[in-house]
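Written out below as structure tokens is the structure these notes cover.
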Amino acid sequence: MKRFRRHGHESQKDKHKQDLYQFNKTVEHGFPHQPSALGFSPSLDLLAIGTRSGAIKLYGSPGVEFMGLHDENAAVTQVHFLPNQVDMVTLLDDNSLHMWTLQAHNGMSELLEIGRFTLSGPPGAPPSVTRVTAVLAHSSGELLLLGTEGGHVFVVEVPGFRELEENNISVENVQNRIPEDYVGRRNLECVEALHENPLNPRQVLIGYSRGLMVLWDLDRQRPIQHFLGTQQLESVWWMEDGVNILSSHSDGSYCQWTVTGEDPQTEPEKQETPYGAFPCKAISKIIQLPSKQGPPFLIFSGGMPRASYGDRHCISVIHSKNHEALDFTSRIIDFFVIREGENHKGEPSALVVLVEEELVVVDLQSEGWPVIQTPYLVPLHCSAITCSHHVSSIPLKLWERVQAAGALQNTHYSKKPWPIIGGQNLAPDPPQRDLLLTGHEDGTVRFWDASGICLYPMYKLSTAGVFLTDADPNDNMNQGSEGEWPPFRKVGCFDPYSDDPRLGIQKIHLCKYSGYLTVAGTAGQILIMELNDEAAEQTVEATVVDLLQGQEGFRWKGQARLDVREEPVLFPPGFQPFALVQCQPPAVVTAIALHSEWKLVAFGTSHGFGFYDYHQKNNIMVKCTLNPSDQVALEGPLSRVKSIKKSLRQSFRRIRRSRVSMRKHHTANAAKLQEINARLEAEALQEMELAPVQRKIEARSSDDSFTGLVRTLYFADTFVSDSSHSTPSLWAGTNGGAVFAYVLRVPSLERRAEDPVVAHAAKEIQLMHRAPVVGLVVLDGKGAPLPEPLEVAHDLARSPEMHGSHHLLVVSEEQFKLFTLPKVSSKSKLKLTAVDGSRVRRVGVAWFGSKTDEQLESGLVVLTNQGELHVISLPSIKMMVHYPCIRREDVSGIASCVFTKYGQGFYLMSPSEFERFSLSTRWVVEPHCLVEAPLQMRLKNPSSPVHRDQLDGVPTEHRNFKRESEGYGVLQEIQKSLEGDQTTFLENNLKTKPKGNMLSNGD
Amino acid sequence: MNKNHRVPSNRTLNAVEVKSKFGAEFRRFSLERSKPGRFDEFYGLLQHVHRIPNVDLLVGYADVHGDLLPINNDDNYHKAITMAAPLLRLFLQRKEEADYSAFGTDTITRKKTPAALAAVLLRPDVNKKKPPVIISLPKDFRPVSSIIDVDILPETHRRVRLYKHGQEKPLGFYIRDGSSVRVTPQGLEKVPGIFISRMVPGGLAESTGLLAVNDEVLEVNGIEVSGKSLDQVTDMMIANSHNLIITVKPANQRNNVVRSSGGGSSGQSSDSSTSFYNYSTPGLMAMTPSHIIQNYEPDEESEEEEDLVIEADRGTKLILQTGMRATASTSMPALPRYEPHLDLRPSNGTMASSASAGSLNTHDRGLERPNLEEDGTVITL
């Protein structure tokens, strides 16, 4: 009987868990790491980016995004959409071709790989014969032309990848009619370019590396005309009129040829070297598009004078009298131009450039060709991310003020709407407004709208203005003087150079109710800021706080304190600093806490902690936690930046490193504790490399390094010294497993300005397992975590239960321990490391609820050094669920993780991308989108999987579809979005085959 | 535990703080470390401060490992003084009521609270009948390692327990990744494993002789390591370092313990001192009230009691200070050789008194530690 009941209880528990928790990686924010290929479908209005790790990502209108990953771990070198279809072909580094499609599934589209193919040459042929160098997705949507390194062109039928051997174009076929004396006679080298005649799809231009171009007739299978170029070919472009051809070359020149029918053509119509005279670099791609207002747009990448500007990454745009060389900060991968009009044959409207570190869209129709702000793919890493902070459910008022401050910063952007608008975002509106704040190496804090699928930049705050730095703020992005040649213009925002690494942001805390913000940095600086809608000129007063309390025998060999500007500084509308605390010694700030109700800020470094009254602007208390035998902490672990020279050297090293390895990059630029640990580990590893890899087994002692480092700070109104009266208190946890508690006396509101805030040491707990304390939480009488300051005052949380006893939860890297209050005695604990060898890296309090029940449950969300996520129940501290999330080798990914208050989280999957995940069933933000097939496609191709979907069970599906009111709305949306002449067709189509009109799918 | 040993050797502190407990009362005073005097002077002092001049006493002290050891001659008295770090805790019993079984290994380690100690010490009804067992006194040794669970393990395996607590010796070994050959139904198979790669000379691991280089580590405190990374196993071992039990497959299989067939029915341990599940000596177990031992879960408790809490409660502090002054005034005029116990850290008032305040609390054992740390901070810097 007992056993039976217990069993029932167990299954009920399991069901409860299923109701509350589920793990999903939902969406990737930011810019893909190491992009390697760009594709665009004008008919779908979708952009595709392939990466060196084999990922493929599709983007349309904001919120429409898809992602796929090739099984092969090879770089994507080319991406081609099949014209007017929902299919796409990718070419990988390993010479394999992959067919992807957007398939319908439950009213949403899904990106699926539906086929793969590798060219097979004749037996005994060298691999170069079949090594694909150029791909042409023929406009019929049925053919792929594959140019190879050996100079052959293979014709393949898609989507089935059937080789049409009889249609292949061999080198011999082409060479027949070339004059004997032509240099390219012997070896044409690889096929560099394949281009279709825009007026006659049966004609194809084949460009060979040596310079020869051949116009080929697909029907008659013979060459029509040879263009005997003599320069190494880089790219070709067939102009709109079908008569003129442009070729670009490795010497920085381009040529114009005319299709006359005379064969062969030995001389180009026109040859030009735009940045000529001196030797130039290759023009890697050239485009010319007609414009109604006068001359065409000529756009090409590269071609810069080799000696003086050979290292620039430029795209030149020439139109009429306007000529600009857009100067990017990273290597250009590819670019394309979006054209207006129904058939995408109208005016060029925007130039889309994919560079290695960002996507830049230039508005070609507005005066001055301004940049259009991207709603996604924003380079999070324009300066390296050093920390992040998430705030859930922002009050509308604060949201609007931040937005307004941000709008004033974005005046240089184009007013044009985002031009890539394929697909439809069907995701419901986000239930709340969430902010993600990222701190950067250059001292900026960026505010991101993290409510939905697109991580959209809202506002950027710079703290550098408060300090005197070596760099002159006016010297960087400024343009050259009048008449400079080439006419450079800096575009893009990726700027990895940091003026002074001491400015780096290490900790951020925002109070969403009061609009107070504290940010703390690498050189022990803590800024307290207030949101102001007006610009203001003010002097920031610095308070230097000696965390050593005058102890002798101390040598700080680390960085110097930042110098504060003594004259008033003009701060733009937004967050403006009004108080500054500078820790002495100026070590990295490792923990901060802000209590906006009491107007206190607590801060900690590797030397101790203190807290500051920002109402009266004085420091109240300092506690030194330093262990006298800890030499590393004494002398400063990070002897950084002693001279400009050194900092420059570091910058260069950093750049190099960022290209080599992202992990190292991170280790170098963030000085957080995790990084220190990682570095120590790495150093230990290096030592070990001589011997076999081994680990020392030794009990931790208080002599270990950084035992005094303050890991966490926490304000709580609880029962610290007696069980009948709760008092404000400050709690601090150190790396050596110590917890310090102080009772605070905060004067009443009326006397707040006059009476001092007083602090008394109340308790000290030394955990005997000595593991670093990474989290402190006080649970109220009902076992729920105490609400945030001002949360109750704003009616957004119930007031904490002050009857019944409070508990203190101490989270160390190894254990979770619950203590009673006010008398601290251990009540229960959960061991982690002793049992499975993993350690707590990140911890947060989150609220979980089922989809149906309003009731919320609190829990602890934990990320371990093994990359596993755990949910731990409160107050019973039991493991509820655990899921593998991050590779354990990805140290910087694990260190970067932040949790939201509602069971979601973010971590850096690369220096430039946040992966978003959710542990909650109730709060999930994931893409939910639909891409409609282009109309032409529906007429044909019954074998395509999309079409098959249409064929089965048409009447039933139709009924089902209509029943869903949401689905019906979608239909109307689609109708509206379509162009007039196509609507009739669509309607017809809808009546008969409703589901086939949209590729839907979900996940 | 190991904290106790972190006494800087160059300590300038010359005073030994003594806390003497007789029945429910205690007295505090201090002695000069360099000139402790003779045992009989000390004995007289104790009788004096407790105001029990004519009572025959059995003097015991808690050593650094938490064991109750006797003081009955000059030698062990001097030993007690030199080992005090810096608090010397004395437990006085009337000779006629004395419970000799309380002396010896691990008595205080198990139950460190004075209440528990008192339960052992002051239970005349149980102990009166027992004749004093003098043979085992004094027990000035303790196990550093043991082989346990011989009866349940395959003979090729060895489960070794290292007693780190209180040792100044480092655990002293390294582990590495490696591969071992296992016999599976499919034949021989190479599987990754964790191996001992190096012994630190003079370390605990080496000194036991029970572990050797190239021994394969199979379990850590009862948890299998297969499938875990080297770093995970390292962290597990360090997390369990206060009481590390590792199961190894020795590289040298010639010295395996040969199980005696049918000999020991209990078979719980191969040596007399411990086994994992019941690690008090059988002798002790027979003599002490069983409920004290039996309610005790070794692994849990040894840690649970260790977290050190210092409460800076004003009320307690006051009581203590008056208590101290009283003690000082009584001891000083009579025996000027013994200096009164003064607050050793005038520079750090609040914490000092709060630390001493804790002495009144039940968390007696840990109390010296913050003292040490705080002292260290003040003195060394």
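As shown in the structure tokens, the chain order sets the letters A, B, ...; within each chain, residues go from 1, and ligands are also counted from 1 in the order they appear.
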Would you give me, as a PyMOL selection string, the residues in range 783-819 of chain A that DSSP reads as strand (DSSP E)?
chain A and resi 807-812+815-819
Output for the residues just chosen: N, CA, C and O atoms as a compact mmCIF listing (two decimals), in the first residue's frame:
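This is the output file result23.txt:
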# COMPACT_ATOMS: atom_id res chain seq x y z
N HIS A 807 15.67 31.85 5.64
CA HIS A 807 16.81 30.97 5.46
C HIS A 807 17.81 31.63 4.52
O HIS A 807 17.44 32.37 3.63
N LEU A 808 19.06 31.28 4.76
CA LEU A 808 20.11 31.77 3.88
C LEU A 808 20.59 30.60 3.02
O LEU A 808 20.94 29.55 3.54
N LEU A 809 20.56 30.81 1.72
CA LEU A 809 21.08 29.78 0.82
C LEU A 809 22.45 30.22 0.35
O LEU A 809 22.60 31.29 -0.24
N VAL A 810 23.45 29.42 0.65
CA VAL A 810 24.81 29.71 0.21
C VAL A 810 25.13 28.75 -0.92
O VAL A 810 25.09 27.54 -0.74
N VAL A 811 25.42 29.31 -2.08
CA VAL A 811 25.80 28.48 -3.22
C VAL A 811 27.30 28.61 -3.40
O VAL A 811 27.81 29.69 -3.67
N SER A 812 28.00 27.51 -3.18
CA SER A 812 29.43 27.52 -3.48
C SER A 812 29.62 26.80 -4.80
O SER A 812 28.68 26.24 -5.35
N GLN A 815 28.77 23.10 -3.54
CA GLN A 815 27.62 22.65 -2.76
C GLN A 815 26.56 23.74 -2.67
O GLN A 815 26.85 24.91 -2.84
N PHE A 816 25.35 23.31 -2.35
CA PHE A 816 24.27 24.24 -2.02
C PHE A 816 23.94 23.99 -0.57
O PHE A 816 23.68 22.85 -0.19
N LYS A 817 23.96 25.04 0.24
CA LYS A 817 23.73 24.83 1.67
C LYS A 817 22.71 25.81 2.18
O LYS A 817 22.80 27.01 1.91
N LEU A 818 21.76 25.29 2.91
CA LEU A 818 20.71 26.13 3.46
C LEU A 818 20.95 26.29 4.97
O LEU A 818 21.13 25.30 5.67
N PHE A 819 20.99 27.54 5.42
CA PHE A 819 21.21 27.82 6.84
C PHE A 819 19.98 28.52 7.41
O PHE A 819 19.31 29.27 6.70
If the cut-off is 7 Å, can you tell me the residues of chain A near chain B, counting only C-alpha atoms? I'd like them as JSON, numbers by chain.
{"A": [551, 552, 553, 627, 628, 693, 694, 695, 696, 697, 698, 699, 761, 762, 763, 764, 765, 766, 767, 768, 769, 824, 833, 834, 835, 836, 837, 838]}
Next, write the just-selected residues to a file, as an mmCIF file, in the first residue's frame, keeping N, CA and C atoms as the atom set.
data_model
loop_
_atom_site.group_PDB
_atom_site.id
_atom_site.type_symbol
_atom_site.label_atom_id
_atom_site.label_comp_id
_atom_site.auth_asym_id
_atom_site.auth_seq_id
_atom_site.Cartn_x
_atom_site.Cartn_y
_atom_site.Cartn_z
ATOM 1 N N GLN A 551 47.001 48.694 5.182
ATOM 2 C CA GLN A 551 47.925 47.647 5.591
ATOM 3 C C GLN A 551 49.274 47.831 4.914
ATOM 4 N N GLU A 552 50.284 47.427 5.642
ATOM 5 C CA GLU A 552 51.629 47.608 5.100
ATOM 6 C C GLU A 552 52.086 46.343 4.388
ATOM 7 N N GLY A 553 53.222 46.455 3.796
ATOM 8 C CA GLY A 553 53.810 45.290 3.144
ATOM 9 C C GLY A 553 53.100 44.921 1.877
ATOM 10 N N ASN A 627 44.102 37.608 2.058
ATOM 11 C CA ASN A 627 44.900 36.665 2.814
ATOM 12 C C ASN A 627 46.357 37.087 2.678
ATOM 13 N N PRO A 628 47.042 37.307 3.788
ATOM 14 C CA PRO A 628 48.398 37.870 3.712
ATOM 15 C C PRO A 628 49.374 36.996 2.952
ATOM 16 N N VAL A 693 49.661 14.604 -19.324
ATOM 17 C CA VAL A 693 48.699 15.463 -18.642
ATOM 18 C C VAL A 693 48.313 14.829 -17.312
ATOM 19 N N GLN A 694 48.555 15.547 -16.252
ATOM 20 C CA GLN A 694 48.188 15.005 -14.956
ATOM 21 C C GLN A 694 47.670 16.119 -14.055
ATOM 22 N N ARG A 695 46.952 15.736 -13.044
ATOM 23 C CA ARG A 695 46.359 16.708 -12.135
ATOM 24 C C ARG A 695 46.796 16.403 -10.711
ATOM 25 N N LYS A 696 47.106 17.452 -9.993
ATOM 26 C CA LYS A 696 47.520 17.280 -8.609
ATOM 27 C C LYS A 696 46.295 17.132 -7.726
ATOM 28 N N ILE A 697 46.360 16.204 -6.833
ATOM 29 C CA ILE A 697 45.268 16.030 -5.881
ATOM 30 C C ILE A 697 45.740 16.599 -4.551
ATOM 31 N N GLU A 698 45.165 17.713 -4.159
ATOM 32 C CA GLU A 698 45.550 18.309 -2.900
ATOM 33 C C GLU A 698 44.364 19.031 -2.291
ATOM 34 N N ALA A 699 44.219 18.908 -1.026
ATOM 35 C CA ALA A 699 43.129 19.595 -0.346
ATOM 36 C C ALA A 699 43.334 21.095 -0.489
ATOM 37 N N ALA A 761 29.380 44.617 11.671
ATOM 38 C CA ALA A 761 29.645 43.223 11.332
ATOM 39 C C ALA A 761 28.751 42.365 12.199
ATOM 40 N N ALA A 762 28.071 41.411 11.589
ATOM 41 C CA ALA A 762 27.129 40.604 12.344
ATOM 42 C C ALA A 762 27.523 39.141 12.365
ATOM 43 N N LYS A 763 27.969 38.648 11.242
ATOM 44 C CA LYS A 763 28.244 37.218 11.164
ATOM 45 C C LYS A 763 29.368 36.951 10.198
ATOM 46 N N GLU A 764 29.959 35.791 10.426
ATOM 47 C CA GLU A 764 30.966 35.336 9.487
ATOM 48 C C GLU A 764 30.838 33.824 9.416
ATOM 49 N N ILE A 765 30.720 33.319 8.215
ATOM 50 C CA ILE A 765 30.614 31.862 8.052
ATOM 51 C C ILE A 765 31.810 31.419 7.231
ATOM 52 N N GLN A 766 32.502 30.433 7.715
ATOM 53 C CA GLN A 766 33.584 29.859 6.908
ATOM 54 C C GLN A 766 33.166 28.455 6.508
ATOM 55 N N LEU A 767 32.900 28.273 5.225
ATOM 56 C CA LEU A 767 32.547 26.935 4.755
ATOM 57 C C LEU A 767 33.801 26.086 4.828
ATOM 58 N N MET A 768 33.654 24.914 5.391
ATOM 59 C CA MET A 768 34.849 24.108 5.573
ATOM 60 C C MET A 768 35.310 23.479 4.279
ATOM 61 N N HIS A 769 34.462 23.364 3.311
ATOM 62 C CA HIS A 769 34.978 22.805 2.057
ATOM 63 C C HIS A 769 35.693 23.876 1.234
ATOM 64 N N VAL A 824 22.710 31.032 12.653
ATOM 65 C CA VAL A 824 23.150 30.318 11.456
ATOM 66 C C VAL A 824 23.488 28.888 11.810
ATOM 67 N N THR A 833 29.937 18.675 -6.439
ATOM 68 C CA THR A 833 31.260 18.242 -6.900
ATOM 69 C C THR A 833 31.655 16.892 -6.317
ATOM 70 N N ALA A 834 31.355 16.691 -5.059
ATOM 71 C CA ALA A 834 31.768 15.443 -4.433
ATOM 72 C C ALA A 834 31.085 14.266 -5.105
ATOM 73 N N VAL A 835 29.934 14.525 -5.714
ATOM 74 C CA VAL A 835 29.169 13.438 -6.292
ATOM 75 C C VAL A 835 29.460 13.230 -7.770
ATOM 76 N N ASP A 836 29.470 14.317 -8.541
ATOM 77 C CA ASP A 836 29.699 14.068 -9.968
ATOM 78 C C ASP A 836 30.874 14.849 -10.564
ATOM 79 N N GLY A 837 31.613 15.541 -9.717
ATOM 80 C CA GLY A 837 32.826 16.168 -10.241
ATOM 81 C C GLY A 837 32.614 17.457 -10.998
ATOM 82 N N SER A 838 31.370 17.928 -11.062
ATOM 83 C CA SER A 838 31.173 19.202 -11.757
ATOM 84 C C SER A 838 31.103 20.338 -10.741
#
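Reported to one decimal place, the separation of CA of Arg433 in chain A from CA of Gly452 in chain A is 8.6 Å.
Minimum atom-to-atom distances from B:His65, B:Arg182, B:Arg28, B:His157 to Leu211 in chain B were compared using only C-alpha atoms, and the lowest value belongs to B:His157.
Omitting Val135 in chain A and its sequence neighbours fewer than 6 positions away, and counting only C-alpha atoms, the residues within 7 Å are Leu144, Leu145, Leu146, Gly147 and Leu194 of chain A.
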Could you find all residues in range 692-927 of chain A that DSSP calls helix (DSSP H, G or I) from the backbone, and write them as a PyMOL selection string?
chain A and resi 833-836+891-895
Only C-alpha atoms, please: the residues just picked out, written as a PDB file, in the first residue's frame.
ATOM      1  CA  THR A 833      31.260  18.242  -6.900  1.00  0.00           C
ATOM      2  CA  ALA A 834      31.768  15.443  -4.433  1.00  0.00           C
ATOM      3  CA  VAL A 835      29.169  13.438  -6.292  1.00  0.00           C
ATOM      4  CA  ASP A 836      29.699  14.068  -9.968  1.00  0.00           C
ATOM      5  CA  VAL A 891      35.169  27.801 -21.294  1.00  0.00           C
ATOM      6  CA  SER A 892      34.301  31.283 -22.500  1.00  0.00           C
ATOM      7  CA  GLY A 893      30.820  30.159 -23.514  1.00  0.00           C
ATOM      8  CA  ILE A 894      30.192  28.830 -20.017  1.00  0.00           C
ATOM      9  CA  ALA A 895      31.659  31.940 -18.411  1.00  0.00           C
TER      10      ALA A 895
END
From the list B:Ile81, B:Leu68, B:Asp151, B:Gly60, the nearest residue to Lys95 in chain B using only C-alpha atoms is B:Gly60
Close residues, Ser805 in chain A itself excluded, 8 Å, only C-alpha atoms, min 5 positions apart in chain, as JSON, numbers by chain
{"A": [723, 780, 781, 820, 821]}
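The gap separating CA of Gly423 in chain A from CA of Leu111 in chain A is 12.7 Å, in Å to one decimal.
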Skip range 34-42 of chain A itself and residues of its chain fewer than 3 positions away, then list as an MDAnalysis selection string all residues within 8 Å of it, counting only C-alpha atoms.
chainID A and resid 45:53 75:84 333:336 338 344 354:357
Just write the chosen residues, N, CA and C atoms, as a PDB file, in the first residue's frame.
ATOM      1  N   ASP A  45      13.039  37.021 -51.162  1.00  0.00           N
ATOM      2  CA  ASP A  45      13.506  38.123 -50.339  1.00  0.00           C
ATOM      3  C   ASP A  45      14.163  37.591 -49.062  1.00  0.00           C
ATOM      4  N   LEU A  46      14.982  36.602 -49.249  1.00  0.00           N
ATOM      5  CA  LEU A  46      15.696  35.993 -48.126  1.00  0.00           C
ATOM      6  C   LEU A  46      17.190  36.072 -48.372  1.00  0.00           C
ATOM      7  N   LEU A  47      17.905  36.228 -47.284  1.00  0.00           N
ATOM      8  CA  LEU A  47      19.350  36.325 -47.320  1.00  0.00           C
ATOM      9  C   LEU A  47      19.900  35.050 -46.673  1.00  0.00           C
ATOM     10  N   ALA A  48      20.958  34.500 -47.238  1.00  0.00           N
ATOM     11  CA  ALA A  48      21.548  33.297 -46.646  1.00  0.00           C
ATOM     12  C   ALA A  48      23.023  33.531 -46.382  1.00  0.00           C
ATOM     13  N   ILE A  49      23.471  33.078 -45.220  1.00  0.00           N
ATOM     14  CA  ILE A  49      24.880  33.199 -44.869  1.00  0.00           C
ATOM     15  C   ILE A  49      25.401  31.822 -44.482  1.00  0.00           C
ATOM     16  N   GLY A  50      26.494  31.425 -45.109  1.00  0.00           N
ATOM     17  CA  GLY A  50      27.140  30.172 -44.726  1.00  0.00           C
ATOM     18  C   GLY A  50      28.383  30.487 -43.925  1.00  0.00           C
ATOM     19  N   THR A  51      28.764  29.592 -43.024  1.00  0.00           N
ATOM     20  CA  THR A  51      29.925  29.873 -42.181  1.00  0.00           C
ATOM     21  C   THR A  51      30.997  28.807 -42.356  1.00  0.00           C
ATOM     22  N   ARG A  52      32.141  29.106 -41.804  1.00  0.00           N
ATOM     23  CA  ARG A  52      33.266  28.186 -41.916  1.00  0.00           C
ATOM     24  C   ARG A  52      33.035  26.919 -41.112  1.00  0.00           C
ATOM     25  N   SER A  53      32.123  26.965 -40.165  1.00  0.00           N
ATOM     26  CA  SER A  53      31.859  25.750 -39.395  1.00  0.00           C
ATOM     27  C   SER A  53      30.742  24.930 -40.013  1.00  0.00           C
ATOM     28  N   ALA A  75      33.735  24.176 -44.285  1.00  0.00           N
ATOM     29  CA  ALA A  75      33.260  25.534 -44.528  1.00  0.00           C
ATOM     30  C   ALA A  75      32.314  25.573 -45.718  1.00  0.00           C
ATOM     31  N   VAL A  76      31.324  26.438 -45.611  1.00  0.00           N
ATOM     32  CA  VAL A  76      30.424  26.670 -46.742  1.00  0.00           C
ATOM     33  C   VAL A  76      31.119  27.695 -47.640  1.00  0.00           C
ATOM     34  N   THR A  77      31.369  27.333 -48.884  1.00  0.00           N
ATOM     35  CA  THR A  77      32.082  28.284 -49.742  1.00  0.00           C
ATOM     36  C   THR A  77      31.144  29.044 -50.668  1.00  0.00           C
ATOM     37  N   GLN A  78      30.012  28.441 -51.023  1.00  0.00           N
ATOM     38  CA  GLN A  78      29.063  29.156 -51.869  1.00  0.00           C
ATOM     39  C   GLN A  78      27.639  28.797 -51.476  1.00  0.00           C
ATOM     40  N   VAL A  79      26.745  29.759 -51.620  1.00  0.00           N
ATOM     41  CA  VAL A  79      25.323  29.542 -51.385  1.00  0.00           C
ATOM     42  C   VAL A  79      24.571  30.084 -52.584  1.00  0.00           C
ATOM     43  N   HIS A  80      23.712  29.272 -53.188  1.00  0.00           N
ATOM     44  CA  HIS A  80      22.924  29.741 -54.333  1.00  0.00           C
ATOM     45  C   HIS A  80      21.485  29.307 -54.156  1.00  0.00           C
ATOM     46  N   PHE A  81      20.577  30.266 -54.198  1.00  0.00           N
ATOM     47  CA  PHE A  81      19.158  29.918 -54.222  1.00  0.00           C
ATOM     48  C   PHE A  81      18.799  29.500 -55.641  1.00  0.00           C
ATOM     49  N   LEU A  82      17.956  28.502 -55.788  1.00  0.00           N
ATOM     50  CA  LEU A  82      17.444  28.196 -57.114  1.00  0.00           C
ATOM     51  C   LEU A  82      16.433  29.293 -57.443  1.00  0.00           C
ATOM     52  N   PRO A  83      16.591  29.948 -58.566  1.00  0.00           N
ATOM     53  CA  PRO A  83      15.728  31.083 -58.864  1.00  0.00           C
ATOM     54  C   PRO A  83      14.247  30.698 -58.774  1.00  0.00           C
ATOM     55  N   ASN A  84      13.498  31.551 -58.114  1.00  0.00           N
ATOM     56  CA  ASN A  84      12.049  31.391 -57.975  1.00  0.00           C
ATOM     57  C   ASN A  84      11.620  30.107 -57.272  1.00  0.00           C
ATOM     58  N   ILE A 333      33.441  39.447 -47.635  1.00  0.00           N
ATOM     59  CA  ILE A 333      33.142  38.079 -48.063  1.00  0.00           C
ATOM     60  C   ILE A 333      32.434  38.135 -49.413  1.00  0.00           C
ATOM     61  N   ASP A 334      31.375  38.934 -49.492  1.00  0.00           N
ATOM     62  CA  ASP A 334      30.586  39.003 -50.725  1.00  0.00           C
ATOM     63  C   ASP A 334      29.608  40.162 -50.586  1.00  0.00           C
ATOM     64  N   PHE A 335      28.998  40.531 -51.709  1.00  0.00           N
ATOM     65  CA  PHE A 335      27.984  41.585 -51.634  1.00  0.00           C
ATOM     66  C   PHE A 335      26.954  41.372 -52.728  1.00  0.00           C
ATOM     67  N   PHE A 336      25.792  41.984 -52.578  1.00  0.00           N
ATOM     68  CA  PHE A 336      24.780  41.974 -53.634  1.00  0.00           C
ATOM     69  C   PHE A 336      23.966  43.238 -53.528  1.00  0.00           C
ATOM     70  N   ILE A 338      20.095  44.956 -53.854  1.00  0.00           N
ATOM     71  CA  ILE A 338      18.650  44.724 -53.897  1.00  0.00           C
ATOM     72  C   ILE A 338      18.038  45.737 -54.846  1.00  0.00           C
ATOM     73  N   HIS A 344      12.050  42.513 -59.398  1.00  0.00           N
ATOM     74  CA  HIS A 344      13.376  42.828 -58.888  1.00  0.00           C
ATOM     75  C   HIS A 344      14.300  43.249 -60.014  1.00  0.00           C
ATOM     76  N   LEU A 354      28.453  41.668 -46.991  1.00  0.00           N
ATOM     77  CA  LEU A 354      28.835  40.803 -45.883  1.00  0.00           C
ATOM     78  C   LEU A 354      30.346  40.888 -45.723  1.00  0.00           C
ATOM     79  N   VAL A 355      30.781  41.419 -44.601  1.00  0.00           N
ATOM     80  CA  VAL A 355      32.203  41.393 -44.290  1.00  0.00           C
ATOM     81  C   VAL A 355      32.402  40.401 -43.156  1.00  0.00           C
ATOM     82  N   GLU A 356      33.633  40.129 -42.867  1.00  0.00           N
ATOM     83  CA  GLU A 356      33.902  39.040 -41.929  1.00  0.00           C
ATOM     84  C   GLU A 356      33.234  39.238 -40.571  1.00  0.00           C
ATOM     85  N   GLU A 357      33.075  40.473 -40.132  1.00  0.00           N
ATOM     86  CA  GLU A 357      32.568  40.703 -38.780  1.00  0.00           C
ATOM     87  C   GLU A 357      31.207  41.375 -38.712  1.00  0.00           C
TER      88      GLU A 357
END
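Taking CA of Met99 in chain A as the reference point, CA of Gly115 in chain A is found at 5.0 Å.
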Find the spatial neighbours of Asp241 in chain A, counting only C-alpha atoms, within a cut-off of 10 Å - ignore same-chain residues fewer than 4 positions away - and output them as an MDAnalysis selection string.
chainID A and resid 197:199 245 290
Compile the contact shell of Val710 in chain A as an MDAnalysis selection string: residues with an atom at most 8 Å away, counting only C-alpha atoms, same-chain residues fewer than 6 positions apart removed.
chainID A and resid 590:591 604:609 625 732:735
